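Heads up: the structure comes next, in structure tokens.
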Amino acid sequence: KVDANSQTLSDTLAPVSKGIGLKAVLVNDNSFGGDAIVSKPEFSSIADLKGKTIATELGTVDHLLLLTALDKNGLKESDVNYVNMTVNDAGPAFISGKTDASVLWEPFQTTAVKEGKGKVLFSSKDTPGLIPDLLVFRDSVIKDRPADIQKVVDAWFDALDYFQDHQDEAIELMAKHAETSPEDFKLGLDSIKLFTVEDNINAFGKRDDYTSLRYTAEKTADFLKNLDMVDDIDDFDAILDSQFIEATAKR
């Protein structure tokens, strides 16, 4: 029913694995501190969470962040008491002392730190590129209306330029449409990295780390497949289309 959607990379992989033709044409932003493991203050590292209770929602990017943090610290999910809980519930559960840690995004993260006297042990700042937000089009639209897609991509960067020059006005306008306060909206903005044209060119490049979309797609697909949430994906390059970013870069 729609030609395009702004969504996470992980949300893109499930329909692709079912044979729905989609392509990412633009990286809007990366989570950069907006997703975090918040723990009770007595814990000083992820390793300290061994045997402790941690809540986050199964199959989400925050679950992936948790597994990444555990792996970086020599732990497996079986080394902690993992509880499957939505972010809406995981935040209050932490604040009320029912969990030792929860994986949260904003504004739940800041609320948990303030009201639950928690601390951030690990966040998406520690894994640049792990959680990208993308503009994704259907294959048929890319084939039939490439000129229109180019206008959308160019307009996005025009809007980013306007935002940089008129931040207070832009935040007030966007907060109104997001039905939140300018303060909370700015909190969300501060926890992401908005991607420039140059950042996009870099993200579409092939490397064996999370700053490369292809690498992140492969690792995220492995994570989701282990949870039986996606089927096999044969061609990860087919999900990515950098032609529009490359054209914008030449403007």
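We label chains A, B, ... in the order they appear in the structure tokens, count residues from 1 in each chain, and number ligands from 1 in the order shown.
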Could you make a table, as JSON lines, of the residues of stretch 187-250 of chain A that have an atom within 12 Å of an atom of stretch 8-16 of chain A, each with its nearest atom pair and distance in Å to one decimal, counting only C-alpha atoms, in chain and number order?
{"residue": "A:Tyr210", "atom": "CA", "partner": "A:Leu9", "partner_atom": "CA", "distance": 12.0}
{"residue": "A:Ser212", "atom": "CA", "partner": "A:Leu9", "partner_atom": "CA", "distance": 11.9}
{"residue": "A:Leu213", "atom": "CA", "partner": "A:Leu9", "partner_atom": "CA", "distance": 8.5}
{"residue": "A:Arg214", "atom": "CA", "partner": "A:Leu9", "partner_atom": "CA", "distance": 10.2}
{"residue": "A:Tyr215", "atom": "CA", "partner": "A:Leu9", "partner_atom": "CA", "distance": 11.4}
{"residue": "A:Thr216", "atom": "CA", "partner": "A:Leu9", "partner_atom": "CA", "distance": 8.4}
{"residue": "A:Ala217", "atom": "CA", "partner": "A:Leu9", "partner_atom": "CA", "distance": 6.9}
{"residue": "A:Glu218", "atom": "CA", "partner": "A:Leu13", "partner_atom": "CA", "distance": 9.6}
{"residue": "A:Lys219", "atom": "CA", "partner": "A:Ser10", "partner_atom": "CA", "distance": 10.0}
{"residue": "A:Thr220", "atom": "CA", "partner": "A:Ser10", "partner_atom": "CA", "distance": 6.4}
{"residue": "A:Ala221", "atom": "CA", "partner": "A:Leu13", "partner_atom": "CA", "distance": 6.7}
{"residue": "A:Asp222", "atom": "CA", "partner": "A:Leu13", "partner_atom": "CA", "distance": 10.5}
{"residue": "A:Phe223", "atom": "CA", "partner": "A:Ser10", "partner_atom": "CA", "distance": 9.6}
{"residue": "A:Leu224", "atom": "CA", "partner": "A:Ser10", "partner_atom": "CA", "distance": 8.1}
{"residue": "A:Lys225", "atom": "CA", "partner": "A:Ala14", "partner_atom": "CA", "distance": 9.4}
{"residue": "A:Leu227", "atom": "CA", "partner": "A:Ala14", "partner_atom": "CA", "distance": 11.8}
{"residue": "A:Asp228", "atom": "CA", "partner": "A:Ala14", "partner_atom": "CA", "distance": 10.2}
{"residue": "A:Met229", "atom": "CA", "partner": "A:Ala14", "partner_atom": "CA", "distance": 7.0}
{"residue": "A:Val230", "atom": "CA", "partner": "A:Ala14", "partner_atom": "CA", "distance": 5.1}
{"residue": "A:Asp231", "atom": "CA", "partner": "A:Ala14", "partner_atom": "CA", "distance": 7.4}
{"residue": "A:Asp232", "atom": "CA", "partner": "A:Val16", "partner_atom": "CA", "distance": 9.3}
{"residue": "A:Ile233", "atom": "CA", "partner": "A:Val16", "partner_atom": "CA", "distance": 7.4}
{"residue": "A:Asp234", "atom": "CA", "partner": "A:Val16", "partner_atom": "CA", "distance": 10.0}
{"residue": "A:Asp235", "atom": "CA", "partner": "A:Val16", "partner_atom": "CA", "distance": 9.9}
{"residue": "A:Phe236", "atom": "CA", "partner": "A:Leu13", "partner_atom": "CA", "distance": 9.3}
{"residue": "A:Asp237", "atom": "CA", "partner": "A:Val16", "partner_atom": "CA", "distance": 11.8}
{"residue": "A:Ala238", "atom": "CA", "partner": "A:Val16", "partner_atom": "CA", "distance": 9.6}
{"residue": "A:Ile239", "atom": "CA", "partner": "A:Val16", "partner_atom": "CA", "distance": 7.8}
{"residue": "A:Leu240", "atom": "CA", "partner": "A:Leu9", "partner_atom": "CA", "distance": 10.5}
*Excluding A:Glu57 and any residue of its chain fewer than 5 positions from it, enumerate the residues within 8 Å of it, using only C-alpha atoms, and give them as a ChimeraX atom specification.*
/A:62-63,83-87
*Hey, what's within 8 Å of stretch 67-79 of chain A if we count only C-alpha atoms and toss same-chain stuff fewer than 5 positions away? As a ChimeraX atom specification, please?*
/A:46-47,50-51,122
*List every residue of stretch 168-242 of chain A that DSSP, applied to the backbone of this structure, places in alpha helix (DSSP H), and write the result as a ChimeraX atom specification.*
/A:168-177,182-190,197-203,213-226
The selected residues should be written to file as a compact mmCIF listing (two decimals), in the first residue's frame (atoms: N, CA and C atoms).
# COMPACT_ATOMS: atom_id res chain seq x y z
N ASP A 168 16.20 25.27 16.23
CA ASP A 168 15.11 25.50 17.20
C ASP A 168 13.75 25.46 16.51
N GLU A 169 13.65 26.14 15.38
CA GLU A 169 12.39 26.16 14.63
C GLU A 169 12.03 24.75 14.15
N ALA A 170 13.02 24.04 13.63
CA ALA A 170 12.77 22.70 13.09
C ALA A 170 12.35 21.72 14.18
N ILE A 171 13.02 21.78 15.34
CA ILE A 171 12.68 20.87 16.44
C ILE A 171 11.27 21.13 16.94
N GLU A 172 10.91 22.40 17.04
CA GLU A 172 9.55 22.73 17.49
C GLU A 172 8.51 22.21 16.51
N LEU A 173 8.77 22.36 15.23
CA LEU A 173 7.84 21.89 14.19
C LEU A 173 7.72 20.37 14.20
N MET A 174 8.86 19.67 14.27
CA MET A 174 8.83 18.20 14.23
C MET A 174 8.24 17.62 15.51
N ALA A 175 8.53 18.25 16.64
CA ALA A 175 7.98 17.77 17.91
C ALA A 175 6.45 17.85 17.90
N LYS A 176 5.93 18.89 17.31
CA LYS A 176 4.47 19.05 17.22
C LYS A 176 3.86 17.90 16.43
N HIS A 177 4.47 17.55 15.30
CA HIS A 177 3.94 16.48 14.46
C HIS A 177 4.18 15.10 15.09
N PRO A 182 9.28 19.56 22.60
CA PRO A 182 10.57 19.84 21.96
C PRO A 182 11.74 19.27 22.77
N GLU A 183 11.61 19.27 24.11
CA GLU A 183 12.68 18.74 24.96
C GLU A 183 12.89 17.25 24.73
N ASP A 184 11.79 16.48 24.70
CA ASP A 184 11.89 15.03 24.47
C ASP A 184 12.34 14.74 23.04
N PHE A 185 11.88 15.56 22.10
CA PHE A 185 12.28 15.34 20.71
C PHE A 185 13.78 15.57 20.56
N LYS A 186 14.29 16.62 21.21
CA LYS A 186 15.73 16.90 21.15
C LYS A 186 16.53 15.78 21.81
N LEU A 187 15.96 15.18 22.86
CA LEU A 187 16.62 14.06 23.52
C LEU A 187 16.84 12.92 22.53
N GLY A 188 15.81 12.66 21.72
CA GLY A 188 15.92 11.62 20.70
C GLY A 188 16.95 11.98 19.64
N LEU A 189 16.96 13.24 19.21
CA LEU A 189 17.93 13.68 18.21
C LEU A 189 19.36 13.57 18.71
N ASP A 190 19.55 13.87 19.98
CA ASP A 190 20.89 13.83 20.55
C ASP A 190 21.43 12.40 20.65
N VAL A 197 25.72 13.06 3.18
CA VAL A 197 25.94 12.35 1.92
C VAL A 197 27.22 11.52 2.01
N GLU A 198 28.26 12.11 2.60
CA GLU A 198 29.54 11.40 2.73
C GLU A 198 29.40 10.18 3.64
N ASP A 199 28.65 10.32 4.73
CA ASP A 199 28.40 9.18 5.61
C ASP A 199 27.69 8.06 4.86
N ASN A 200 26.76 8.44 3.99
CA ASN A 200 26.03 7.45 3.21
C ASN A 200 26.94 6.71 2.24
N ILE A 201 27.78 7.45 1.54
CA ILE A 201 28.72 6.82 0.61
C ILE A 201 29.56 5.80 1.35
N ASN A 202 30.01 6.16 2.54
CA ASN A 202 30.82 5.26 3.35
C ASN A 202 30.03 4.03 3.78
N ALA A 203 28.78 4.23 4.17
CA ALA A 203 27.94 3.12 4.66
C ALA A 203 27.65 2.10 3.56
N LEU A 213 26.93 -1.31 5.57
CA LEU A 213 25.55 -1.83 5.59
C LEU A 213 25.50 -3.31 5.24
N ARG A 214 26.32 -3.71 4.29
CA ARG A 214 26.27 -5.12 3.87
C ARG A 214 26.69 -6.03 5.02
N TYR A 215 27.75 -5.68 5.71
CA TYR A 215 28.22 -6.49 6.84
C TYR A 215 27.15 -6.52 7.94
N THR A 216 26.58 -5.36 8.25
CA THR A 216 25.55 -5.29 9.29
C THR A 216 24.34 -6.12 8.90
N ALA A 217 23.97 -6.09 7.62
CA ALA A 217 22.83 -6.88 7.15
C ALA A 217 23.09 -8.37 7.36
N GLU A 218 24.29 -8.83 7.03
CA GLU A 218 24.62 -10.24 7.20
C GLU A 218 24.55 -10.65 8.67
N LYS A 219 25.15 -9.85 9.54
CA LYS A 219 25.18 -10.18 10.97
C LYS A 219 23.78 -10.12 11.58
N THR A 220 23.00 -9.13 11.17
CA THR A 220 21.64 -9.01 11.69
C THR A 220 20.77 -10.16 11.20
N ALA A 221 20.96 -10.56 9.96
CA ALA A 221 20.20 -11.70 9.41
C ALA A 221 20.55 -12.98 10.17
N ASP A 222 21.83 -13.17 10.50
CA ASP A 222 22.22 -14.35 11.29
C ASP A 222 21.51 -14.36 12.64
N PHE A 223 21.48 -13.19 13.28
CA PHE A 223 20.82 -13.04 14.58
C PHE A 223 19.33 -13.40 14.47
N LEU A 224 18.66 -12.85 13.46
CA LEU A 224 17.22 -13.10 13.30
C LEU A 224 16.94 -14.54 12.88
N LYS A 225 17.82 -15.13 12.07
CA LYS A 225 17.63 -16.51 11.63
C LYS A 225 17.74 -17.47 12.81
N ASN A 226 18.65 -17.18 13.73
CA ASN A 226 18.79 -18.02 14.93
C ASN A 226 17.54 -17.99 15.79
*Identify which of the residues A:Ala101, A:Ile20, A:Val120, A:Ala90 lies closest to A:Lys52, counting only C-alpha atoms when measuring atom-to-atom distances.*
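Among A:Ala101, A:Ile20, A:Val120, A:Ala90, it is A:Ala101 that comes nearest to A:Lys52.
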*Please provide the set of residues having any atom within 9 Å of A:Val103, restricted to only C-alpha atoms, with same-chain residues fewer than 3 positions apart removed, written as a list in words.*
Asp35, Ala36, Ile37, Val38, Ser39, Ile54, Ala55, Thr56, Glu57, Asp62, His63, Leu65, Leu66, Val87, Ala90, Gly91, Gln109 and Ser123 of chain A
*If you run DSSP on the backbone, which residues of stretch 9-105 of chain A are strand (DSSP E), as a list in words?*
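Put together, the selection reads Leu22, Lys23, Ala24, Val25, Leu26, Val27, Asn28, Asp29, Asn30, Ser31, Asp35, Ala36, Ile37, Val38, Ser39, Thr53, Ile54, Ala55, Thr56, Asn81, Tyr82, Val83, Asn84, Ala101, Ser102, Val103, Leu104 and Trp105 of chain A.
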*Any idea what's packed within 9 Å of stretch 149-152 of chain A, counting only C-alpha atoms, ignoring anything in its chain fewer than 3 positions away? Could you give it as a PyMOL selection string?*
chain A and resi 25+137+141-142+145-146+155-157+243-245+247-248
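One finds atom CA of A:Ala159 at 17.9 Å from atom CA of A:Ala4.
The shortest atom-to-atom distance to A:Val80, with only C-alpha atoms taken into account, belongs to A:Leu49 out of A:Pro107, A:Leu49, A:Leu64, A:Leu58.
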*Interatomic distance, atom CA of A:Asp241 to atom CA of A:Pro132 (Å, one decimal)*: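 Result for atom CA of A:Asp241 versus atom CA of A:Pro132: 15.1 Å, one decimal.
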_When you count only C-alpha atoms, which of these residues is closest to A:Phe108: A:Pro128, A:Pro41, A:Gly33, A:Pro92?_
A:Pro92
*asked:* I want to know what sits within 9 Å of A:Thr111, based on only C-alpha atoms, with residues of the same chain fewer than 5 positions away left out; could you give that as a list in words?
replied: Gly91, Ile95, Glu106 and Gly116 of chain A
